[in-house]
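Undergrad: Hey, dropping input_24.pdb in here, PDB, N, CA and C atoms:
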MODEL        1
ATOM      1  N   MET A   1     -12.787  -6.445  -6.125
ATOM      2  CA  MET A   1     -12.433  -6.756  -4.739
ATOM      3  C   MET A   1     -10.942  -7.040  -4.596
ATOM      4  N   LEU A   2     -10.376  -7.760  -5.573
ATOM      5  CA  LEU A   2      -8.959  -8.076  -5.505
ATOM      6  C   LEU A   2      -8.111  -6.804  -5.548
ATOM      7  N   GLU A   3      -8.545  -5.841  -6.354
ATOM      8  CA  GLU A   3      -7.824  -4.573  -6.448
ATOM      9  C   GLU A   3      -7.835  -3.844  -5.099
ATOM     10  N   LYS A   4      -8.978  -3.857  -4.411
ATOM     11  CA  LYS A   4      -9.067  -3.211  -3.103
ATOM     12  C   LYS A   4      -8.175  -3.941  -2.095
ATOM     13  N   THR A   5      -8.206  -5.264  -2.147
ATOM     14  CA  THR A   5      -7.381  -6.051  -1.232
ATOM     15  C   THR A   5      -5.905  -5.761  -1.452
ATOM     16  N   THR A   6      -5.493  -5.701  -2.698
ATOM     17  CA  THR A   6      -4.094  -5.407  -3.012
ATOM     18  C   THR A   6      -3.722  -4.021  -2.519
ATOM     19  N   ARG A   7      -4.598  -3.051  -2.753
ATOM     20  CA  ARG A   7      -4.327  -1.685  -2.290
ATOM     21  C   ARG A   7      -4.212  -1.640  -0.768
ATOM     22  N   MET A   8      -5.144  -2.282  -0.075
ATOM     23  CA  MET A   8      -5.104  -2.281   1.390
ATOM     24  C   MET A   8      -3.848  -2.967   1.913
ATOM     25  N   ASN A   9      -3.413  -4.031   1.250
ATOM     26  CA  ASN A   9      -2.185  -4.703   1.662
ATOM     27  C   ASN A   9      -0.988  -3.767   1.530
ATOM     28  N   TYR A  10      -0.923  -3.032   0.425
ATOM     29  CA  TYR A  10       0.169  -2.066   0.257
ATOM     30  C   TYR A  10       0.083  -0.951   1.298
ATOM     31  N   LEU A  11      -1.101  -0.391   1.481
ATOM     32  CA  LEU A  11      -1.250   0.683   2.468
ATOM     33  C   LEU A  11      -0.885   0.183   3.862
ATOM     34  N   TYR A  12      -1.306  -1.038   4.168
ATOM     35  CA  TYR A  12      -0.955  -1.622   5.467
ATOM     36  C   TYR A  12       0.564  -1.752   5.590
ATOM     37  N   ASP A  13       1.218  -2.215   4.535
ATOM     38  CA  ASP A  13       2.683  -2.340   4.569
ATOM     39  C   ASP A  13       3.355  -1.005   4.855
ATOM     40  N   PHE A  14       2.860   0.051   4.219
ATOM     41  CA  PHE A  14       3.479   1.359   4.389
ATOM     42  C   PHE A  14       3.150   2.012   5.731
ATOM     43  N   TYR A  15       1.940   1.824   6.235
ATOM     44  CA  TYR A  15       1.477   2.614   7.384
ATOM     45  C   TYR A  15       1.130   1.808   8.636
ATOM     46  N   HIS A  16       1.405   0.511   8.658
ATOM     47  CA  HIS A  16       0.969  -0.296   9.802
ATOM     48  C   HIS A  16       1.532   0.192  11.136
ATOM     49  N   SER A  17       2.710   0.780  11.115
ATOM     50  CA  SER A  17       3.296   1.247  12.376
ATOM     51  C   SER A  17       2.531   2.430  12.978
ATOM     52  N   LEU A  18       1.649   3.057  12.186
ATOM     53  CA  LEU A  18       0.844   4.166  12.698
ATOM     54  C   LEU A  18      -0.474   3.692  13.325
ATOM     55  N   LEU A  19      -0.725   2.392  13.247
ATOM     56  CA  LEU A  19      -1.972   1.820  13.774
ATOM     57  C   LEU A  19      -1.765   1.285  15.180
ATOM     58  N   THR A  20      -2.874   1.143  15.894
ATOM     59  CA  THR A  20      -2.816   0.527  17.215
ATOM     60  C   THR A  20      -2.569  -0.975  17.048
ATOM     61  N   PRO A  21      -2.105  -1.643  18.106
ATOM     62  CA  PRO A  21      -1.902  -3.094  17.999
ATOM     63  C   PRO A  21      -3.174  -3.845  17.592
ATOM     64  N   LYS A  22      -4.326  -3.420  18.103
ATOM     65  CA  LYS A  22      -5.585  -4.080  17.748
ATOM     66  C   LYS A  22      -5.910  -3.872  16.274
ATOM     67  N   GLN A  23      -5.728  -2.649  15.790
ATOM     68  CA  GLN A  23      -5.971  -2.375  14.374
ATOM     69  C   GLN A  23      -5.019  -3.199  13.500
ATOM     70  N   GLN A  24      -3.775  -3.258  13.913
ATOM     71  CA  GLN A  24      -2.793  -4.048  13.163
ATOM     72  C   GLN A  24      -3.222  -5.514  13.097
ATOM     73  N   SER A  25      -3.646  -6.024  14.222
ATOM     74  CA  SER A  25      -4.041  -7.424  14.290
ATOM     75  C   SER A  25      -5.255  -7.712  13.414
ATOM     76  N   TYR A  26      -6.293  -6.905  13.527
ATOM     77  CA  TYR A  26      -7.502  -7.101  12.726
ATOM     78  C   TYR A  26      -7.189  -7.032  11.232
ATOM     79  N   MET A  27      -6.414  -6.009  10.838
ATOM     80  CA  MET A  27      -6.094  -5.841   9.422
ATOM     81  C   MET A  27      -5.221  -6.984   8.907
ATOM     82  N   SER A  28      -4.282  -7.398   9.716
ATOM     83  CA  SER A  28      -3.409  -8.494   9.327
ATOM     84  C   SER A  28      -4.196  -9.789   9.152
ATOM     85  N   LEU A  29      -5.048 -10.073  10.107
ATOM     86  CA  LEU A  29      -5.859 -11.286  10.004
ATOM     87  C   LEU A  29      -6.798 -11.229   8.808
ATOM     88  N   TYR A  30      -7.437 -10.097   8.606
ATOM     89  CA  TYR A  30      -8.443  -9.973   7.541
ATOM     90  C   TYR A  30      -7.808  -9.945   6.151
ATOM     91  N   TYR A  31      -6.796  -9.116   5.971
ATOM     92  CA  TYR A  31      -6.234  -8.934   4.637
ATOM     93  C   TYR A  31      -5.067  -9.868   4.312
ATOM     94  N   LEU A  32      -4.233 -10.152   5.279
ATOM     95  CA  LEU A  32      -3.059 -10.978   4.989
ATOM     96  C   LEU A  32      -3.324 -12.460   5.208
ATOM     97  N   ASP A  33      -4.056 -12.787   6.274
ATOM     98  CA  ASP A  33      -4.309 -14.194   6.594
ATOM     99  C   ASP A  33      -5.659 -14.690   6.101
ATOM    100  N   ASP A  34      -6.441 -13.796   5.494
ATOM    101  CA  ASP A  34      -7.728 -14.142   4.884
ATOM    102  C   ASP A  34      -8.744 -14.717   5.873
ATOM    103  N   TYR A  35      -8.714 -14.208   7.095
ATOM    104  CA  TYR A  35      -9.730 -14.598   8.081
ATOM    105  C   TYR A  35     -11.044 -13.911   7.726
ATOM    106  N   SER A  36     -12.137 -14.538   8.049
ATOM    107  CA  SER A  36     -13.442 -13.899   7.879
ATOM    108  C   SER A  36     -13.702 -13.003   9.086
ATOM    109  N   LEU A  37     -14.696 -12.129   8.946
ATOM    110  CA  LEU A  37     -15.073 -11.271  10.082
ATOM    111  C   LEU A  37     -15.482 -12.121  11.275
ATOM    112  N   GLY A  38     -16.222 -13.183  11.008
ATOM    113  CA  GLY A  38     -16.671 -14.070  12.073
ATOM    114  C   GLY A  38     -15.514 -14.756  12.787
ATOM    115  N   GLU A  39     -14.504 -15.168  12.034
ATOM    116  CA  GLU A  39     -13.341 -15.823  12.651
ATOM    117  C   GLU A  39     -12.565 -14.849  13.534
ATOM    118  N   ILE A  40     -12.432 -13.623  13.078
ATOM    119  CA  ILE A  40     -11.738 -12.614  13.883
ATOM    120  C   ILE A  40     -12.551 -12.311  15.139
ATOM    121  N   ALA A  41     -13.861 -12.167  14.967
ATOM    122  CA  ALA A  41     -14.744 -11.891  16.110
ATOM    123  C   ALA A  41     -14.626 -12.999  17.156
ATOM    124  N   GLU A  42     -14.607 -14.232  16.699
ATOM    125  CA  GLU A  42     -14.482 -15.372  17.618
ATOM    126  C   GLU A  42     -13.132 -15.352  18.325
ATOM    127  N   GLU A  43     -12.090 -15.040  17.578
ATOM    128  CA  GLU A  43     -10.723 -14.983  18.126
ATOM    129  C   GLU A  43     -10.611 -13.946  19.250
ATOM    130  N   TYR A  44     -11.298 -12.804  19.089
ATOM    131  CA  TYR A  44     -11.201 -11.713  20.051
ATOM    132  C   TYR A  44     -12.407 -11.602  20.981
ATOM    133  N   ASN A  45     -13.337 -12.522  20.820
ATOM    134  CA  ASN A  45     -14.527 -12.561  21.673
ATOM    135  C   ASN A  45     -15.297 -11.233  21.629
ATOM    136  N   VAL A  46     -15.508 -10.749  20.394
ATOM    137  CA  VAL A  46     -16.293  -9.544  20.154
ATOM    138  C   VAL A  46     -17.301  -9.860  19.059
ATOM    139  N   SER A  47     -18.192  -8.922  18.794
ATOM    140  CA  SER A  47     -19.188  -9.151  17.745
ATOM    141  C   SER A  47     -18.563  -8.989  16.355
ATOM    142  N   ARG A  48     -19.201  -9.612  15.406
ATOM    143  CA  ARG A  48     -18.777  -9.488  14.010
ATOM    144  C   ARG A  48     -18.873  -8.022  13.577
ATOM    145  N   GLN A  49     -19.917  -7.336  14.039
ATOM    146  CA  GLN A  49     -20.110  -5.925  13.712
ATOM    147  C   GLN A  49     -18.971  -5.065  14.255
ATOM    148  N   ALA A  50     -18.488  -5.392  15.461
ATOM    149  CA  ALA A  50     -17.369  -4.638  16.045
ATOM    150  C   ALA A  50     -16.118  -4.790  15.189
ATOM    151  N   VAL A  51     -15.873  -5.994  14.695
ATOM    152  CA  VAL A  51     -14.716  -6.240  13.828
ATOM    153  C   VAL A  51     -14.886  -5.460  12.523
ATOM    154  N   TYR A  52     -16.065  -5.552  11.929
ATOM    155  CA  TYR A  52     -16.355  -4.856  10.676
ATOM    156  C   TYR A  52     -16.132  -3.349  10.832
ATOM    157  N   ASP A  53     -16.679  -2.774  11.903
ATOM    158  CA  ASP A  53     -16.533  -1.334  12.146
ATOM    159  C   ASP A  53     -15.068  -0.939  12.309
ATOM    160  N   ASN A  54     -14.322  -1.749  13.059
ATOM    161  CA  ASN A  54     -12.912  -1.464  13.279
ATOM    162  C   ASN A  54     -12.138  -1.514  11.968
ATOM    163  N   ILE A  55     -12.400  -2.515  11.145
ATOM    164  CA  ILE A  55     -11.698  -2.643   9.864
ATOM    165  C   ILE A  55     -12.046  -1.477   8.944
ATOM    166  N   LYS A  56     -13.320  -1.099   8.874
ATOM    167  CA  LYS A  56     -13.720   0.025   8.012
ATOM    168  C   LYS A  56     -13.078   1.333   8.468
ATOM    169  N   ARG A  57     -13.037   1.568   9.775
ATOM    170  CA  ARG A  57     -12.393   2.778  10.296
ATOM    171  C   ARG A  57     -10.894   2.770   9.973
ATOM    172  N   THR A  58     -10.282   1.604  10.126
ATOM    173  CA  THR A  58      -8.851   1.479   9.862
ATOM    174  C   THR A  58      -8.552   1.681   8.377
ATOM    175  N   GLU A  59      -9.393   1.134   7.500
ATOM    176  CA  GLU A  59      -9.238   1.362   6.061
ATOM    177  C   GLU A  59      -9.285   2.855   5.746
ATOM    178  N   ALA A  60     -10.225   3.545   6.359
ATOM    179  CA  ALA A  60     -10.353   4.995   6.139
ATOM    180  C   ALA A  60      -9.104   5.729   6.639
ATOM    181  N   MET A  61      -8.577   5.293   7.772
ATOM    182  CA  MET A  61      -7.359   5.908   8.310
ATOM    183  C   MET A  61      -6.185   5.699   7.354
ATOM    184  N   LEU A  62      -6.058   4.486   6.831
ATOM    185  CA  LEU A  62      -4.969   4.194   5.902
ATOM    186  C   LEU A  62      -5.077   5.060   4.653
ATOM    187  N   GLU A  63      -6.295   5.244   4.173
ATOM    188  CA  GLU A  63      -6.506   6.103   2.999
ATOM    189  C   GLU A  63      -6.146   7.550   3.322
ATOM    190  N   GLU A  64      -6.460   8.008   4.531
ATOM    191  CA  GLU A  64      -6.106   9.377   4.939
ATOM    192  C   GLU A  64      -4.590   9.548   5.020
ATOM    193  N   TYR A  65      -3.913   8.553   5.587
ATOM    194  CA  TYR A  65      -2.457   8.610   5.651
ATOM    195  C   TYR A  65      -1.868   8.708   4.241
ATOM    196  N   GLU A  66      -2.394   7.902   3.333
ATOM    197  CA  GLU A  66      -1.897   7.920   1.959
ATOM    198  C   GLU A  66      -2.174   9.261   1.293
ATOM    199  N   GLU A  67      -3.343   9.823   1.553
ATOM    200  CA  GLU A  67      -3.702  11.120   0.976
ATOM    201  C   GLU A  67      -2.708  12.204   1.402
ATOM    202  N   LYS A  68      -2.213  12.095   2.643
ATOM    203  CA  LYS A  68      -1.310  13.115   3.163
ATOM    204  C   LYS A  68       0.162  12.822   2.862
ATOM    205  N   LEU A  69       0.555  11.548   2.929
ATOM    206  CA  LEU A  69       1.969  11.204   2.822
ATOM    207  C   LEU A  69       2.390  10.672   1.450
ATOM    208  N   LEU A  70       1.451  10.109   0.719
ATOM    209  CA  LEU A  70       1.670   9.628  -0.651
ATOM    210  C   LEU A  70       2.787   8.593  -0.802
ATOM    211  N   LEU A  71       3.022   7.792   0.215
ATOM    212  CA  LEU A  71       4.091   6.794   0.118
ATOM    213  C   LEU A  71       3.790   5.740  -0.945
ATOM    214  N   PHE A  72       2.560   5.279  -1.015
ATOM    215  CA  PHE A  72       2.192   4.267  -2.008
ATOM    216  C   PHE A  72       2.249   4.855  -3.413
ATOM    217  N   GLN A  73       1.759   6.070  -3.589
ATOM    218  CA  GLN A  73       1.802   6.721  -4.902
ATOM    219  C   GLN A  73       3.244   6.893  -5.384
ATOM    220  N   LYS A  74       4.111   7.324  -4.482
ATOM    221  CA  LYS A  74       5.515   7.496  -4.843
ATOM    222  C   LYS A  74       6.155   6.153  -5.184
ATOM    223  N   PHE A  75       5.782   5.114  -4.463
ATOM    224  CA  PHE A  75       6.271   3.765  -4.754
ATOM    225  C   PHE A  75       5.854   3.346  -6.162
ATOM    226  N   GLN A  76       4.579   3.566  -6.513
ATOM    227  CA  GLN A  76       4.091   3.215  -7.844
ATOM    228  C   GLN A  76       4.805   4.035  -8.920
ATOM    229  N   ASP A  77       4.985   5.322  -8.669
ATOM    230  CA  ASP A  77       5.684   6.185  -9.619
ATOM    231  C   ASP A  77       7.126   5.716  -9.814
ATOM    232  N   ARG A  78       7.765   5.338  -8.708
ATOM    233  CA  ARG A  78       9.151   4.870  -8.772
ATOM    234  C   ARG A  78       9.249   3.589  -9.604
ATOM    235  N   ILE A  79       8.330   2.662  -9.403
ATOM    236  CA  ILE A  79       8.315   1.409 -10.168
ATOM    237  C   ILE A  79       8.141   1.715 -11.658
ATOM    238  N   LYS A  80       7.247   2.622 -11.979
ATOM    239  CA  LYS A  80       6.991   2.997 -13.376
ATOM    240  C   LYS A  80       8.245   3.616 -14.016
ATOM    241  N   LEU A  81       8.882   4.527 -13.291
ATOM    242  CA  LEU A  81      10.086   5.172 -13.820
ATOM    243  C   LEU A  81      11.233   4.177 -13.986
ATOM    244  N   LEU A  82      11.379   3.268 -13.043
ATOM    245  CA  LEU A  82      12.433   2.263 -13.166
ATOM    246  C   LEU A  82      12.182   1.359 -14.369
ATOM    247  N   GLY A  83      10.931   1.032 -14.629
ATOM    248  CA  GLY A  83      10.581   0.254 -15.823
ATOM    249  C   GLY A  83      10.956   1.011 -17.083
ATOM    250  N   TYR A  84      10.699   2.304 -17.083
ATOM    251  CA  TYR A  84      11.045   3.149 -18.224
ATOM    252  C   TYR A  84      12.559   3.176 -18.441
ATOM    253  N   VAL A  85      13.324   3.309 -17.362
ATOM    254  CA  VAL A  85      14.786   3.318 -17.456
ATOM    255  C   VAL A  85      15.287   1.977 -18.006
ATOM    256  N   LYS A  86      14.713   0.890 -17.543
ATOM    257  CA  LYS A  86      15.110  -0.432 -18.043
ATOM    258  C   LYS A  86      14.846  -0.548 -19.543
ATOM    259  N   GLU A  87      13.711  -0.029 -19.990
ATOM    260  CA  GLU A  87      13.392  -0.056 -21.422
ATOM    261  C   GLU A  87      14.385   0.786 -22.213
ATOM    262  N   LEU A  88      14.750   1.946 -21.672
ATOM    263  CA  LEU A  88      15.742   2.787 -22.339
ATOM    264  C   LEU A  88      17.078   2.054 -22.473
ATOM    265  N   LEU A  89      17.454   1.349 -21.411
ATOM    266  CA  LEU A  89      18.739   0.656 -21.426
ATOM    267  C   LEU A  89      18.763  -0.524 -22.397
ATOM    268  N   LYS A  90      17.597  -1.048 -22.739
ATOM    269  CA  LYS A  90      17.524  -2.141 -23.707
ATOM    270  C   LYS A  90      17.761  -1.653 -25.136
ATOM    271  N   GLU A  91      17.581  -0.351 -25.355
ATOM    272  CA  GLU A  91      17.783   0.213 -26.686
ATOM    273  C   GLU A  91      19.263   0.161 -27.041
ATOM    274  N   GLU A  92      19.533   0.021 -28.333
ATOM    275  CA  GLU A  92      20.920  -0.055 -28.797
ATOM    276  C   GLU A  92      21.682   1.230 -28.477
ATOM    277  N   HIS A  93      21.024   2.361 -28.680
ATOM    278  CA  HIS A  93      21.639   3.656 -28.378
ATOM    279  C   HIS A  93      20.667   4.458 -27.513
ATOM    280  N   PRO A  94      20.661   4.194 -26.197
ATOM    281  CA  PRO A  94      19.708   4.907 -25.344
ATOM    282  C   PRO A  94      19.977   6.409 -25.327
ATOM    283  N   SER A  95      18.903   7.163 -25.235
ATOM    284  CA  SER A  95      18.999   8.615 -25.195
ATOM    285  C   SER A  95      19.530   9.063 -23.832
ATOM    286  N   LYS A  96      20.656   9.723 -23.875
ATOM    287  CA  LYS A  96      21.250  10.223 -22.638
ATOM    288  C   LYS A  96      20.317  11.228 -21.965
ATOM    289  N   GLN A  97      19.688  12.079 -22.769
ATOM    290  CA  GLN A  97      18.784  13.091 -22.225
ATOM    291  C   GLN A  97      17.583  12.440 -21.540
ATOM    292  N   ALA A  98      17.025  11.388 -22.151
ATOM    293  CA  ALA A  98      15.889  10.687 -21.545
ATOM    294  C   ALA A  98      16.292  10.053 -20.221
ATOM    295  N   MET A  99      17.512   9.505 -20.166
ATOM    296  CA  MET A  99      18.006   8.901 -18.917
ATOM    297  C   MET A  99      18.168   9.973 -17.836
ATOM    298  N   ILE A 100      18.723  11.102 -18.202
ATOM    299  CA  ILE A 100      18.924  12.190 -17.238
ATOM    300  C   ILE A 100      17.572  12.662 -16.694
ATOM    301  N   GLU A 101      16.604  12.803 -17.572
ATOM    302  CA  GLU A 101      15.269  13.243 -17.148
ATOM    303  C   GLU A 101      14.615  12.211 -16.231
ATOM    304  N   ALA A 102      14.771  10.921 -16.546
ATOM    305  CA  ALA A 102      14.179   9.867 -15.716
ATOM    306  C   ALA A 102      14.816   9.851 -14.332
ATOM    307  N   VAL A 103      16.132  10.002 -14.284
ATOM    308  CA  VAL A 103      16.830  10.037 -12.995
ATOM    309  C   VAL A 103      16.399  11.272 -12.192
ATOM    310  N   ALA A 104      16.230  12.392 -12.866
ATOM    311  CA  ALA A 104      15.771  13.611 -12.189
ATOM    312  C   ALA A 104      14.381  13.414 -11.609
ATOM    313  N   GLU A 105      13.509  12.744 -12.356
ATOM    314  CA  GLU A 105      12.162  12.462 -11.844
ATOM    315  C   GLU A 105      12.220  11.556 -10.620
ATOM    316  N   LEU A 106      13.110  10.548 -10.671
ATOM    317  CA  LEU A 106      13.266   9.656  -9.519
ATOM    318  C   LEU A 106      13.743  10.447  -8.299
ATOM    319  N   GLU A 107      14.683  11.349  -8.498
ATOM    320  CA  GLU A 107      15.194  12.165  -7.396
ATOM    321  C   GLU A 107      14.098  13.059  -6.815
ATOM    322  N   ASN A 108      13.221  13.546  -7.660
ATOM    323  CA  ASN A 108      12.146  14.441  -7.206
ATOM    324  C   ASN A 108      11.043  13.731  -6.436
ATOM    325  N   LEU A 109      11.013  12.419  -6.496
ATOM    326  CA  LEU A 109       9.969  11.685  -5.763
ATOM    327  C   LEU A 109      10.181  11.738  -4.256
ATOM    328  N   ASP A 110      11.400  11.968  -3.823
ATOM    329  CA  ASP A 110      11.681  11.981  -2.385
ATOM    330  C   ASP A 110      11.635  13.323  -1.778
TER     331      ASP A 110
ENDMDL
END
Represent the structure of the file as structure tokens.
TA:
Amino acid sequence: MLEKTTRMNYLYDFYHSLLTPKQQSYMSLYYLDDYSLGEIAEEYNVSRQAVYDNIKRTEAMLEEYEEKLLLFQKFQDRIKLLGYVKELLKEEHPSKQAMIEAVAELENLD
């Protein structure tokens, strides 16, 4: 569950501007502020089921955006490559060729 929550938080960070204000609010309350479905339902004077349905639809939309735009995947790849570059730089005699290849990979992510 924590892994899903972390993923949804990242997807929300990348794609929240593509959501409606209501979707943004529900997702923010549920994932960022840790509100329960019942608390959100009470806040908006709707049923718990309506909140649940909206959140599930929004999660699916965020996954679709990621499938098409890959912003989160590129972010993860960039973090991994930067870690690799840092490790290379810690070496006494870092490989120039490895650094060039890592920088080229970083450039290709965009």
Undergrad: I need the alpha helix (DSSP H) residues of segment 12-91 of chain A per DSSP on the backbone, written as a ChimeraX atom specification.
TA: /A:12-15,21-27,37-44,48-69,71-90
Undergrad: For the atom pair atom CA of Glu92 of chain A and atom N of Ala104 of chain A, what is the interatomic distance in Å to one decimal place?
TA: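 Separation of atom CA of Glu92 of chain A and atom N of Ala104 of chain A: 20.8 Å.
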Undergrad: At a cut-off of 7 Å, using all atoms listed in the file, what residues contact segment 73-76 of chain A? Leave out same-chain residues fewer than 5 positions from it and give the result as a list in words.
TA: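 In the requested format, the answer is Glu66, Leu81 and Leu109 of chain A.
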Undergrad: Run the PyMOL selection byres ((chain A and resi 6-20) around 8) mentally over the shown coordinates, then write out the matched residues as a list of chain:residue names, using the chain letters and numbers from the document.
TA: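 Residues picked by the PyMOL selection byres ((chain A and resi 6-20) around 8): A:Met1, A:Leu2, A:Glu3, A:Lys4, A:Thr5, A:Pro21, A:Lys22, A:Gln23, A:Gln24, A:Ser25, A:Tyr26, A:Met27, A:Ser28, A:Tyr31, A:Leu32, A:Thr58, A:Glu59, A:Leu62, A:Glu63, A:Tyr65, A:Glu66, A:Leu71, A:Phe72.
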Undergrad: Quick one, how far is atom CA of Glu107 of chain A from atom N of Pro94 of chain A?
TA: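 Between atom CA of Glu107 of chain A and atom N of Pro94 of chain A the gap works out to 21.1 Å.
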Undergrad: Can you sort out the box for segment 88-104 of chain A, edges along x, y and z, all listed atoms in, 3 Å on every side, with centre and edge lengths in Å to one decimal, as JSON?
TA:
{"center_x": 17.9, "center_y": 5.7, "center_z": -20.2, "size_x": 13.5, "size_y": 21.8, "size_z": 23.2}
Undergrad: Residues picked by the PyMOL selection byres (((chain A and resi 100-102 and name CA) around 10) and name CA) here, as a list in words?
TA: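 Residues picked by the PyMOL selection byres (((chain A and resi 100-102 and name CA) around 10) and name CA): Arg78, Leu81, Leu82, Tyr84, Val85, Leu88, Ser95, Lys96, Gln97, Ala98, Met99, Val103, Ala104, Glu105, Leu106, Glu107 and Asn108 of chain A.
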Undergrad: Just the number, please: distance in Å from atom N of Val51 of chain A to atom CA of Leu69 of chain A, one decimal.
TA: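 Separation between atom N of Val51 of chain A and atom CA of Leu69 of chain A: 27.5 Å.
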